[in-house]
$ cat protein.cif   # mmCIF, C-alpha atoms
data_target
loop_
_atom_site.label_atom_id
_atom_site.label_comp_id
_atom_site.auth_asym_id
_atom_site.auth_seq_id
_atom_site.Cartn_x
_atom_site.Cartn_y
_atom_site.Cartn_z
CA MET Z 1 63.34 147.59 92.57
CA PHE Z 2 64.33 150.51 90.35
CA GLU Z 3 62.57 153.07 92.58
CA LEU Z 4 63.75 151.35 95.73
CA LEU Z 5 67.40 151.51 94.66
CA ARG Z 6 67.07 155.12 93.54
CA SER Z 7 65.35 156.37 96.65
CA GLU Z 8 66.69 154.25 99.51
CA PHE Z 9 70.21 153.25 98.50
CA VAL Z 10 73.45 154.30 96.91
CA ALA Z 11 73.79 151.62 94.22
CA VAL Z 12 77.26 150.39 93.26
CA ALA Z 13 78.28 147.82 90.64
CA ILE Z 14 81.77 146.35 90.88
CA ASP Z 15 83.97 143.66 89.41
CA GLN Z 16 84.92 141.96 92.67
CA ALA Z 17 87.97 140.37 91.05
CA TYR Z 18 89.57 143.83 91.27
CA GLU Z 19 88.21 144.85 94.66
CA ARG Z 20 89.23 141.76 96.59
CA ARG Z 21 92.82 141.99 95.35
CA GLN Z 22 93.58 145.66 95.57
CA GLN Z 23 95.93 146.77 98.34
CA ASP Z 24 94.48 150.14 99.21
CA ALA Z 25 91.68 151.69 101.26
CA GLU Z 26 89.03 150.51 98.81
CA GLY Z 27 90.31 146.93 98.89
CA ASP Z 28 90.41 147.07 102.71
CA PHE Z 29 86.81 148.32 102.80
CA TRP Z 30 85.66 145.53 100.47
CA ARG Z 31 87.43 142.82 102.46
CA ARG Z 32 85.92 144.24 105.67
CA ILE Z 33 82.45 143.88 104.15
CA VAL Z 34 83.10 140.38 102.78
CA ASP Z 35 84.53 139.16 106.09
CA GLN Z 36 81.11 139.75 107.68
CA SER Z 37 79.43 137.53 105.07
CA PRO Z 38 79.44 133.79 104.39
CA ARG Z 39 82.19 134.57 101.87
CA LYS Z 40 84.57 135.26 104.77
CA GLY Z 41 88.04 133.85 104.30
CA THR Z 42 87.50 132.87 100.69
CA LYS Z 43 90.32 133.17 98.24
CA GLY Z 44 87.81 132.72 95.46
CA THR Z 45 84.91 134.78 94.23
CA THR Z 46 83.10 137.23 96.49
CA GLN Z 47 80.28 137.83 94.05
CA GLY Z 48 76.76 138.50 95.23
CA PHE Z 49 74.47 141.28 96.46
CA TYR Z 50 75.55 143.11 99.59
CA ILE Z 51 73.63 145.74 101.53
CA VAL Z 52 75.99 147.73 103.70
CA ALA Z 53 75.56 150.60 106.16
CA PRO Z 54 77.76 153.63 105.37
CA SER Z 55 79.96 152.58 108.31
CA GLY Z 56 80.78 149.30 106.53
CA GLU Z 57 78.50 147.15 108.66
CA LEU Z 58 77.02 144.36 106.55
CA LEU Z 59 73.22 144.33 106.70
CA LEU Z 60 72.53 141.65 104.09
CA PHE Z 61 74.39 139.25 101.83
CA ASN Z 62 72.62 137.29 99.15
CA ASN Z 63 73.61 135.54 95.96
CA ASN Z 64 70.16 134.67 94.74
CA ARG Z 65 69.23 135.71 91.22
CA HIS Z 66 65.49 135.36 91.73
CA PRO Z 67 64.24 138.96 91.32
CA GLU Z 68 61.23 138.56 93.61
CA LYS Z 69 63.41 137.25 96.43
CA VAL Z 70 66.05 139.96 95.97
CA LEU Z 71 63.31 142.61 96.00
CA ARG Z 72 61.73 141.22 99.17
CA LEU Z 73 65.06 141.02 101.01
CA THR Z 74 66.09 144.47 99.83
CA LYS Z 75 62.81 146.02 101.02
CA GLN Z 76 63.12 144.30 104.41
CA THR Z 77 66.69 145.52 104.84
CA ALA Z 78 65.79 149.08 103.84
CA ARG Z 79 63.05 149.11 106.50
CA LYS Z 80 65.41 147.61 109.08
CA PHE Z 81 68.04 150.28 108.37
CA ALA Z 82 65.53 153.14 108.43
CA SER Z 83 64.08 152.09 111.79
CA SER Z 84 67.44 151.51 113.47
CA ASP Z 85 69.90 153.84 115.16
CA ARG Z 86 72.25 153.37 112.21
CA SER Z 87 70.10 155.70 110.12
CA LYS Z 88 70.53 158.46 112.71
CA THR Z 89 74.26 158.04 113.22
CA LYS Z 90 76.56 159.76 110.77
CA ALA Z 91 79.33 157.46 109.50
CA ALA Z 92 82.80 158.78 108.68
CA ALA Z 93 83.73 159.13 105.02
CA ILE Z 94 86.68 156.94 104.03
CA ALA Z 95 89.46 158.72 102.16
CA ALA Z 96 90.83 156.98 99.09
CA GLY Z 97 94.47 157.49 100.05
CA LYS Z 98 97.08 155.98 97.77
CA VAL Z 99 95.30 153.94 95.10
CA ASP Z 100 96.56 150.52 93.96
CA LYS Z 101 97.11 151.31 90.29
CA ARG Z 102 97.15 147.65 89.22
CA TYR Z 103 93.43 147.48 89.88
CA ASN Z 104 92.45 150.99 88.93
CA PRO Z 105 93.45 151.19 85.27
CA VAL Z 106 92.49 154.29 83.34
CA PRO Z 107 92.14 154.64 79.56
CA PRO Z 108 95.32 155.69 77.74
CA GLU Z 109 95.71 159.47 77.73
CA GLY Z 110 94.99 160.84 74.27
CA GLY Z 111 93.64 157.45 73.19
CA LEU Z 112 90.14 156.23 72.45
CA VAL Z 113 87.44 154.29 74.25
CA VAL Z 114 85.21 152.30 71.92
CA ARG Z 115 82.07 150.49 73.03
CA ALA Z 116 81.89 146.85 71.89
CA ARG Z 117 78.59 145.00 71.93
CA GLY Z 118 78.02 141.39 70.93
CA LYS Z 119 74.91 139.39 70.18
CA VAL Z 120 74.06 135.84 69.14
CA LEU Z 121 71.78 136.29 66.14
CA GLY Z 122 70.27 132.82 66.03
CA GLY Z 123 70.77 129.11 66.52
CA TYR Z 124 69.37 128.61 70.01
CA GLU Z 125 66.86 125.85 70.66
CA PRO Z 126 63.51 127.35 71.73
CA THR Z 127 63.06 127.41 75.50
CA ASP Z 128 60.49 128.32 78.13
CA ASP Z 129 63.15 128.75 80.79
CA ARG Z 130 63.21 132.43 81.87
CA TRP Z 131 66.96 132.50 82.56
CA ARG Z 132 67.89 130.86 79.28
CA LYS Z 133 65.65 133.33 77.47
CA VAL Z 134 67.54 136.21 79.08
CA MET Z 135 70.89 134.70 78.07
CA GLN Z 136 69.72 133.94 74.57
CA SER Z 137 68.61 137.50 73.89
CA ALA Z 138 71.50 139.19 75.74
CA LEU Z 139 73.48 142.07 74.32
CA SER Z 140 76.97 142.11 75.79
CA ARG Z 141 79.07 145.19 76.62
CA ASP Z 142 82.80 145.77 76.84
CA ASN Z 143 85.18 148.60 75.99
CA LEU Z 144 88.02 148.58 73.48
CA TRP Z 145 90.93 150.87 74.34
CA ALA Z 146 93.22 152.46 71.75
CA THR Z 147 96.49 154.18 72.61
CA ARG Z 148 97.40 157.76 71.73
CA ALA Z 149 99.75 156.48 68.99
CA GLU Z 150 96.91 154.42 67.50
CA HIS Z 151 94.56 157.37 67.68
CA ASP Z 152 97.16 159.52 65.91
CA ALA Z 153 97.60 156.84 63.24
CA LEU Z 154 93.84 156.71 62.64
CA VAL Z 155 93.82 160.50 62.27
CA LYS Z 156 96.56 160.20 59.64
CA GLY Z 157 94.43 157.80 57.62
CA GLU Z 158 96.24 154.66 58.72
CA LEU Z 159 94.85 151.50 60.28
CA PRO Z 160 97.11 150.32 63.12
CA GLY Z 161 97.69 146.58 62.94
CA LYS Z 162 98.07 146.28 66.71
CA LEU Z 163 94.68 147.89 67.26
CA MET Z 164 93.00 145.50 64.83
CA ARG Z 165 94.72 142.52 66.45
CA ARG Z 166 93.61 143.70 69.91
CA LEU Z 167 90.08 144.17 68.59
CA ALA Z 168 90.12 140.60 67.26
CA ARG Z 169 91.74 138.89 70.24
CA PHE Z 170 89.84 140.57 73.06
CA HIS Z 171 86.61 141.83 71.53
CA LEU Z 172 85.49 139.30 68.91
CA VAL Z 173 84.44 136.98 71.72
CA ASP Z 174 81.04 135.60 72.66
CA ASN Z 175 80.57 137.28 76.05
CA THR Z 176 76.78 137.14 75.99
CA ARG Z 177 76.48 134.36 78.59
CA GLY Z 178 79.35 135.17 80.94
CA GLU Z 179 83.09 135.71 81.06
CA PRO Z 180 84.51 134.46 77.77
CA PRO Z 181 87.91 133.01 76.99
CA MET Z 182 89.92 135.55 74.99
CA TRP Z 183 91.78 134.48 71.85
CA ARG Z 184 95.45 133.64 72.24
CA ASP Z 185 97.78 135.28 69.77
CA ASP Z 186 98.29 132.02 67.85
CA GLU Z 187 94.52 131.53 67.62
CA VAL Z 188 94.30 134.44 65.18
CA ARG Z 189 94.39 132.31 62.04
CA SER Z 190 94.01 135.24 59.65
CA LEU Z 191 93.32 138.94 59.98
CA GLN Z 192 93.00 140.93 56.78
CA ILE Z 193 91.51 144.34 57.36
CA GLU Z 194 92.10 147.33 55.12
CA ARG Z 195 91.22 150.99 55.20
CA ASP Z 196 90.22 152.89 52.08
CA GLY Z 197 89.60 156.51 53.04
CA ASP Z 198 86.95 156.45 55.70
CA ARG Z 199 85.93 152.84 54.99
CA ILE Z 200 87.24 149.77 56.75
CA SER Z 201 86.62 146.25 55.49
CA GLY Z 202 88.12 142.82 55.74
CA THR Z 203 87.90 139.35 57.20
CA VAL Z 204 89.04 137.60 60.33
CA SER Z 205 89.37 133.96 61.22
CA LEU Z 206 89.85 132.89 64.84
CA ALA Z 207 90.03 129.33 66.13
CA THR Z 208 91.47 127.31 68.97
CA LYS Z 209 94.12 124.73 68.15
CA ASP Z 210 91.68 121.85 68.65
CA GLY Z 211 89.07 123.62 66.52
CA GLU Z 212 86.46 123.38 69.27
CA ARG Z 213 85.84 127.14 69.32
CA GLY Z 214 86.15 129.72 66.58
CA PHE Z 215 84.76 132.73 64.78
CA ASP Z 216 84.92 133.47 61.06
CA ALA Z 217 83.74 136.99 60.33
CA GLN Z 218 83.63 139.83 57.88
CA ILE Z 219 84.41 143.33 59.08
CA PHE Z 220 82.90 146.52 57.72
CA GLY Z 221 82.69 150.06 58.99
CA PHE Z 222 83.70 153.70 58.98
CA VAL Z 223 86.28 155.94 60.64
CA HIS Z 224 85.72 159.69 60.46
CA VAL Z 225 88.25 162.32 61.48
CA LYS Z 226 87.62 165.98 62.23
CA LYS Z 227 90.04 168.61 63.53
CA GLY Z 228 92.71 166.08 64.44
CA ARG Z 229 90.42 163.72 66.31
CA VAL Z 230 88.56 160.55 65.47
CA THR Z 231 84.89 161.50 65.60
CA ARG Z 232 83.42 158.23 64.36
CA PHE Z 233 84.60 154.65 64.80
CA ASP Z 234 81.72 152.43 63.78
CA LEU Z 235 82.54 148.85 62.87
CA VAL Z 236 80.64 145.60 62.66
CA ALA Z 237 82.05 142.07 62.73
CA ASP Z 238 79.48 139.66 61.33
CA GLY Z 239 80.03 135.95 60.98
CA MET Z 240 79.66 132.44 62.29
CA PHE Z 241 80.82 131.47 65.77
CA TRP Z 242 81.13 128.00 67.22
CA GLY Z 243 81.91 126.64 70.66
CA GLU Z 244 81.86 128.03 74.18
CA GLY Z 245 84.11 128.59 77.19
CA PRO Z 246 84.04 127.30 80.79
CA TYR Z 247 81.95 130.30 81.88
CA THR Z 248 79.89 130.74 78.72
CA LYS Z 249 78.13 127.39 78.63
CA GLY Z 250 74.87 126.99 76.77
CA ALA Z 251 75.97 128.22 73.33
CA PRO Z 252 73.90 127.13 70.34
CA LYS Z 253 75.01 123.83 68.84
CA GLY Z 254 77.33 123.93 65.86
CA ARG Z 255 78.00 127.14 64.00
CA PHE Z 256 75.73 130.05 64.82
CA PRO Z 257 75.44 133.65 63.58
CA PHE Z 258 77.15 136.15 65.84
CA ALA Z 259 77.96 139.85 65.49
CA VAL Z 260 79.91 142.50 67.37
CA ALA Z 261 79.32 146.22 66.84
CA PHE Z 262 81.78 148.96 67.80
CA THR Z 263 81.10 152.64 68.32
CA LEU Z 264 83.03 155.49 69.90
CA ALA Z 265 82.22 156.06 73.58
CA ASP Z 266 81.32 159.62 74.51
CA GLY Z 267 81.41 159.27 78.30
CA SER Z 268 77.64 159.62 78.62
CA ASP Z 269 77.30 156.06 79.93
CA VAL Z 270 78.86 155.16 83.28
CA ALA Z 271 80.01 151.89 81.67
CA ASP Z 272 82.31 153.90 79.38
CA ALA Z 273 84.72 154.10 82.33
CA ILE Z 274 85.01 150.35 82.85
CA PRO Z 275 88.32 148.81 81.76
CA PRO Z 276 88.29 146.18 79.01
CA GLN Z 277 87.67 142.68 80.33
CA GLY Z 278 90.74 141.49 78.44
CA SER Z 279 92.95 144.01 80.28
CA ARG Z 280 92.18 142.61 83.74
CA GLY Z 281 95.44 142.28 85.62
CA TRP Z 282 97.69 143.12 82.65
CA VAL Z 283 96.82 146.41 80.96
CA ASP Z 284 100.30 146.56 79.41
CA GLY Z 285 99.79 143.14 77.86
CA TYR Z 286 96.38 144.16 76.53
CA LEU Z 287 97.76 147.34 74.95
CA ARG Z 288 100.96 145.72 73.69
CA MET Y 1 59.32 120.05 32.64
CA ASN Y 2 57.69 122.29 35.19
CA VAL Y 3 57.95 119.53 37.75
CA PHE Y 4 61.66 119.24 36.94
CA TYR Y 5 62.25 122.96 37.42
CA ALA Y 6 60.16 122.98 40.57
CA GLY Y 7 62.26 120.12 41.90
CA ILE Y 8 65.51 121.92 41.03
CA SER Y 9 64.17 125.10 42.65
CA LEU Y 10 63.28 123.23 45.83
CA LEU Y 11 66.73 121.65 45.93
CA LEU Y 12 68.36 125.06 45.44
CA LEU Y 13 66.19 126.62 48.13
CA ALA Y 14 66.98 123.76 50.49
CA GLY Y 15 70.65 124.30 49.75
CA LEU Y 16 70.39 128.02 50.46
CA GLY Y 17 68.56 127.28 53.67
CA ALA Y 18 71.31 124.94 54.78
CA GLN Y 19 73.92 127.50 53.78
CA SER Y 20 72.29 130.23 55.86
CA LYS Y 21 72.73 128.11 58.97
CA THR Y 22 76.46 127.80 58.48
CA GLN Y 23 77.41 131.01 56.70
CA ALA Y 24 76.67 134.64 57.52
CA ALA Y 25 75.15 136.93 54.94
CA SER Y 26 77.54 139.16 53.01
CA LEU Y 27 78.44 142.23 55.09
CA ASP Y 28 77.68 145.15 52.80
CA GLU Y 29 76.77 148.68 53.86
CA ALA Y 30 73.08 147.88 54.22
CA ARG Y 31 73.78 144.93 56.51
CA PHE Y 32 76.28 147.06 58.46
CA VAL Y 33 73.59 149.69 59.11
CA GLU Y 34 71.08 147.00 60.09
CA LEU Y 35 73.44 145.26 62.53
CA HIS Y 36 74.82 148.45 64.02
CA ALA Y 37 71.27 149.51 64.88
CA LEU Y 38 70.33 146.04 66.16
CA LEU Y 39 73.28 145.95 68.55
CA LYS Y 40 72.36 149.17 70.32
CA PRO Y 41 70.99 148.78 73.85
CA ASP Y 42 67.48 149.79 74.75
CA GLU Y 43 68.02 152.91 76.86
CA ASN Y 44 64.60 152.43 78.45
CA VAL Y 45 65.45 149.12 80.09
CA THR Y 46 64.77 149.77 83.77
CA TRP Y 47 68.06 148.53 85.22
CA ARG Y 48 69.98 150.88 82.93
CA ARG Y 49 68.16 153.84 84.52
CA ILE Y 50 69.42 152.96 87.99
CA PRO Y 51 72.18 155.46 88.85
CA TRP Y 52 74.94 152.90 89.29
CA ARG Y 53 78.23 154.07 90.73
CA ILE Y 54 81.34 152.12 89.83
CA GLU Y 55 83.74 153.32 92.54
CA LEU Y 56 83.11 151.70 95.89
CA LEU Y 57 84.81 154.28 98.12
CA ALA Y 58 83.26 157.23 96.30
CA ALA Y 59 79.90 155.53 96.86
CA GLN Y 60 80.75 155.04 100.56
CA ARG Y 61 81.47 158.75 100.92
CA GLU Y 62 78.17 159.59 99.21
CA ALA Y 63 76.29 157.10 101.41
CA ALA Y 64 77.91 158.58 104.53
CA ALA Y 65 76.95 162.10 103.47
CA ILE Y 66 73.28 161.28 102.95
CA ASN Y 67 73.11 158.44 105.47
CA LYS Y 68 71.76 155.79 103.16
CA PRO Y 69 72.93 152.19 102.86
CA LEU Y 70 74.97 150.91 99.93
CA PHE Y 71 73.53 148.31 97.61
CA VAL Y 72 76.56 146.55 96.14
CA TRP Y 73 76.23 144.33 93.07
CA ALA Y 74 79.51 142.41 92.86
CA MET Y 75 80.23 140.01 90.03
CA ASP Y 76 83.02 138.14 88.28
CA GLY Y 77 83.45 140.50 85.38
CA HIS Y 78 81.91 143.93 85.69
CA PRO Y 79 78.08 143.83 85.95
CA LEU Y 80 77.83 146.88 83.68
CA GLY Y 81 80.45 145.60 81.26
CA CYS Y 82 81.41 142.01 80.69
CA THR Y 83 78.61 139.56 81.63
#

$ encode --input "protein.cif" --output "structure tokens"
Amino acid sequence: MFELLRSEFVAVAIDQAYERRQQDAEGDFWRRIVDQSPRKGTKGTTQGFYIVAPSGELLLFNNNRHPEKVLRLTKQTARKFASSDRSKTKAAAIAAGKVDKRYNPVPPEGGLVVRARGKVLGGYEPTDDRWRKVMQSALSRDNLWATRAEHDALVKGELPGKLMRRLARFHLVDNTRGEPPMWRDDEVRSLQIERDGDRISGTVSLATKDGERGFDAQIFGFVHVKKGRVTRFDLVADGMFWGEGPYTKGAPKGRFPFAVAFTLADGSDVADAIPPQGSRGWVDGYLR
Amino acid sequence: MNVFYAGISLLLLAGLGAQSKTQAASLDEARFVELHALLKPDENVTWRRIPWRIELLAAQREAAAINKPLFVWAMDGHPLGCT
């Protein structure tokens, strides 16, 4: 599949929740593709695999997660495209035009992008199910954004409270099995994090009102500054999580060990450009 | 006497075992280093080496230029980020 995608396709990964809502040329192109699929007319999710000619003609839609089936269908469609007139006809490039900024958020200028990765460290019942095994060993990925003012404060040796609260609410979540519920502001039961020189340490306690989901963790890490810039932002939150969300079913029973690690993004990974999951639809609220 | 101490030791060990299931280890610098390394992705995982684009129209323009089809992976939550 890897070689097939590299050699025969232009591979794109998107969060369709943005694409299907945006009112611009990209949104129009996405809706044009979807309207040729069984997802036509849906106001809900348009997730799945789509193979599309450069003109926008849909060649295949599938929402199967079975790798052998996806590989077979993808190979068939590649052959079909190569042997058809479509492969000999040059399609017009679509200009971006005016971009819908609500669904094209960019990191704050002069701020920071920090990679956040979470992992369940134990507690799952043993399983032979291949999909559960994947979920149980998954390492999640999201990005934490810091504003220019927060970056400046870190450079001055401070630890911005808003940044730590954002980190707790939107990034100390178990997103290893799907889209997690973020913590509401009043679900931050306690947040005591201090900075001593280049060291950061503290504790955090998060829990829903009914106590069905929560995370009690210790925080430890380092911030380094050089020539007026943060050059290292390495933190770990390590603790016990409990509960799950509507789209993160299958959590271990009871309290289970869970950790999130943070490190400065350097732009070398394409995923560094993806907006934080918690900012979807309200970047201002996320950065507030 | 030895049996008594052995019994106490077993009880203590059982207690520690139970504790480890409900409480995380203390997060000192050594544990920080261990976890920070553990939570790094394996760069050699095949799917990570696929040259994913994340802008649909930019990908369309590239596909039009080289006349290759687009393979679009669309998810709730970004496939390369959340989920």

$ closest_atom_pairs --input "protein.cif" --of "chain Y" --to "chain Z" --cutoff "7 Å" --atoms "only C-alpha atoms" --output "tab-separated table"
residue	atom	partner	partner_atom	distance
Y:Lys21	CA	Z:Phe256	CA	6.9
Y:Thr22	CA	Z:Arg255	CA	5.8
Y:Gln23	CA	Z:Met240	CA	6.2
Y:Ala24	CA	Z:Gly239	CA	5.0
Y:Leu27	CA	Z:Gln218	CA	6.4
Y:Phe32	CA	Z:Val236	CA	6.2
Y:His36	CA	Z:Ala261	CA	5.8
Y:Leu39	CA	Z:Ala261	CA	6.3
Y:Thr46	CA	Z:Phe2	CA	6.6
Y:Trp47	CA	Z:Phe2	CA	6.6
Y:Ile50	CA	Z:Phe2	CA	6.1
Y:Pro51	CA	Z:Ala11	CA	6.8
Y:Trp52	CA	Z:Ala11	CA	5.2
Y:Arg53	CA	Z:Val12	CA	4.6
Y:Ile54	CA	Z:Ala13	CA	5.3
Y:Leu56	CA	Z:Val12	CA	6.5
Y:Leu57	CA	Z:Glu26	CA	5.7
Y:Ala59	CA	Z:Val10	CA	6.6
Y:Gln60	CA	Z:Pro54	CA	5.8
Y:Arg61	CA	Z:Ala93	CA	4.7
Y:Ala63	CA	Z:Pro54	CA	5.5
Y:Ala64	CA	Z:Pro54	CA	5.0
Y:Asn67	CA	Z:Ser87	CA	6.2
Y:Lys68	CA	Z:Phe9	CA	5.5
Y:Pro69	CA	Z:Ala53	CA	4.5
Y:Leu70	CA	Z:Val10	CA	4.8
Y:Phe71	CA	Z:Ile51	CA	4.7
Y:Val72	CA	Z:Val12	CA	4.9
Y:Trp73	CA	Z:Ala13	CA	4.7
Y:Ala74	CA	Z:Gln47	CA	4.8
Y:Met75	CA	Z:Gln47	CA	4.6
Y:Asp76	CA	Z:Asp15	CA	5.7
Y:Gly77	CA	Z:Asp15	CA	5.1
Y:His78	CA	Z:Asp15	CA	4.3
Y:Pro79	CA	Z:Ala13	CA	6.2
Y:Leu80	CA	Z:Ala271	CA	5.8
Y:Gly81	CA	Z:Arg141	CA	4.9
Y:Cys82	CA	Z:Asp142	CA	5.6
Y:Thr83	CA	Z:Gly178	CA	4.5

$ write_last_selection --input "protein.cif" --atoms "C-alpha atoms" --output "PDB file, in the frame of the given file"
ATOM      1  CA  LYS Y  21      72.730 128.110  58.970  1.00  0.00           C
ATOM      2  CA  THR Y  22      76.460 127.800  58.480  1.00  0.00           C
ATOM      3  CA  GLN Y  23      77.410 131.010  56.700  1.00  0.00           C
ATOM      4  CA  ALA Y  24      76.670 134.640  57.520  1.00  0.00           C
ATOM      5  CA  LEU Y  27      78.440 142.230  55.090  1.00  0.00           C
ATOM      6  CA  PHE Y  32      76.280 147.060  58.460  1.00  0.00           C
ATOM      7  CA  HIS Y  36      74.820 148.450  64.020  1.00  0.00           C
ATOM      8  CA  LEU Y  39      73.280 145.950  68.550  1.00  0.00           C
ATOM      9  CA  THR Y  46      64.770 149.770  83.770  1.00  0.00           C
ATOM     10  CA  TRP Y  47      68.060 148.530  85.220  1.00  0.00           C
ATOM     11  CA  ILE Y  50      69.420 152.960  87.990  1.00  0.00           C
ATOM     12  CA  PRO Y  51      72.180 155.460  88.850  1.00  0.00           C
ATOM     13  CA  TRP Y  52      74.940 152.900  89.290  1.00  0.00           C
ATOM     14  CA  ARG Y  53      78.230 154.070  90.730  1.00  0.00           C
ATOM     15  CA  ILE Y  54      81.340 152.120  89.830  1.00  0.00           C
ATOM     16  CA  LEU Y  56      83.110 151.700  95.890  1.00  0.00           C
ATOM     17  CA  LEU Y  57      84.810 154.280  98.120  1.00  0.00           C
ATOM     18  CA  ALA Y  59      79.900 155.530  96.860  1.00  0.00           C
ATOM     19  CA  GLN Y  60      80.750 155.040 100.560  1.00  0.00           C
ATOM     20  CA  ARG Y  61      81.470 158.750 100.920  1.00  0.00           C
ATOM     21  CA  ALA Y  63      76.290 157.100 101.410  1.00  0.00           C
ATOM     22  CA  ALA Y  64      77.910 158.580 104.530  1.00  0.00           C
ATOM     23  CA  ASN Y  67      73.110 158.440 105.470  1.00  0.00           C
ATOM     24  CA  LYS Y  68      71.760 155.790 103.160  1.00  0.00           C
ATOM     25  CA  PRO Y  69      72.930 152.190 102.860  1.00  0.00           C
ATOM     26  CA  LEU Y  70      74.970 150.910  99.930  1.00  0.00           C
ATOM     27  CA  PHE Y  71      73.530 148.310  97.610  1.00  0.00           C
ATOM     28  CA  VAL Y  72      76.560 146.550  96.140  1.00  0.00           C
ATOM     29  CA  TRP Y  73      76.230 144.330  93.070  1.00  0.00           C
ATOM     30  CA  ALA Y  74      79.510 142.410  92.860  1.00  0.00           C
ATOM     31  CA  MET Y  75      80.230 140.010  90.030  1.00  0.00           C
ATOM     32  CA  ASP Y  76      83.020 138.140  88.280  1.00  0.00           C
ATOM     33  CA  GLY Y  77      83.450 140.500  85.380  1.00  0.00           C
ATOM     34  CA  HIS Y  78      81.910 143.930  85.690  1.00  0.00           C
ATOM     35  CA  PRO Y  79      78.080 143.830  85.950  1.00  0.00           C
ATOM     36  CA  LEU Y  80      77.830 146.880  83.680  1.00  0.00           C
ATOM     37  CA  GLY Y  81      80.450 145.600  81.260  1.00  0.00           C
ATOM     38  CA  CYS Y  82      81.410 142.010  80.690  1.00  0.00           C
ATOM     39  CA  THR Y  83      78.610 139.560  81.630  1.00  0.00           C
TER      40      THR Y  83
END

$ atom_distance --input "protein.cif" --atom1 "atom CA of Z:Gly243" --atom2 "atom CA of Z:Lys209"
12.6 Å

$ residues_near_point --input "protein.cif" --point "(93.8, 153.7, 59.1)" --cutoff "10 Å" --atoms "all atoms listed in the file" --output "PyMOL selection string"
chain Z and resi 150-161+193-200+223

$ axis_aligned_box --input "protein.cif" --around "stretch 273-284 of chain Z" --padding-each-side "5 Å" --output "JSON"
{"center_x": 92.5, "center_y": 147.8, "center_z": 82.0, "size_x": 25.6, "size_y": 22.6, "size_z": 17.2}

$ atom_distance --input "protein.cif" --atom1 "atom CA of Y:Lys40" --atom2 "atom CA of Z:His171"
16.1 Å

$ build_atoms --input "protein.cif" --residues "stretch 14-26 of chain Z" --atoms "N, CA and C atoms" --output "compact mmCIF listing (two decimals), in the frame of the given file"
# COMPACT_ATOMS: atom_id res chain seq x y z
N ILE Z 14 80.31 146.52 90.91
CA ILE Z 14 81.77 146.35 90.88
C ILE Z 14 82.16 144.98 90.33
N ASP Z 15 83.34 144.94 89.75
CA ASP Z 15 83.97 143.66 89.41
C ASP Z 15 84.79 143.26 90.63
N GLN Z 16 84.27 142.29 91.40
CA GLN Z 16 84.92 141.96 92.67
C GLN Z 16 86.31 141.36 92.49
N ALA Z 17 86.63 140.92 91.29
CA ALA Z 17 87.97 140.37 91.05
C ALA Z 17 89.03 141.46 91.25
N TYR Z 18 88.67 142.71 90.99
CA TYR Z 18 89.57 143.83 91.27
C TYR Z 18 89.58 144.12 92.76
N GLU Z 19 88.37 144.34 93.28
CA GLU Z 19 88.21 144.85 94.66
C GLU Z 19 88.89 143.95 95.68
N ARG Z 20 88.72 142.64 95.53
CA ARG Z 20 89.23 141.76 96.59
C ARG Z 20 90.75 141.62 96.54
N ARG Z 21 91.36 142.08 95.46
CA ARG Z 21 92.82 141.99 95.35
C ARG Z 21 93.54 143.29 95.66
N GLN Z 22 92.85 144.40 95.50
CA GLN Z 22 93.58 145.66 95.57
C GLN Z 22 94.06 145.99 96.99
N GLN Z 23 95.29 146.45 97.06
CA GLN Z 23 95.93 146.77 98.34
C GLN Z 23 95.86 148.27 98.55
N ASP Z 24 94.69 148.72 98.91
CA ASP Z 24 94.48 150.14 99.21
C ASP Z 24 93.22 150.26 100.06
N ALA Z 25 92.81 151.48 100.34
CA ALA Z 25 91.68 151.69 101.26
C ALA Z 25 90.40 151.05 100.71
N GLU Z 26 90.24 151.10 99.39
CA GLU Z 26 89.03 150.51 98.81
C GLU Z 26 89.03 148.99 98.96
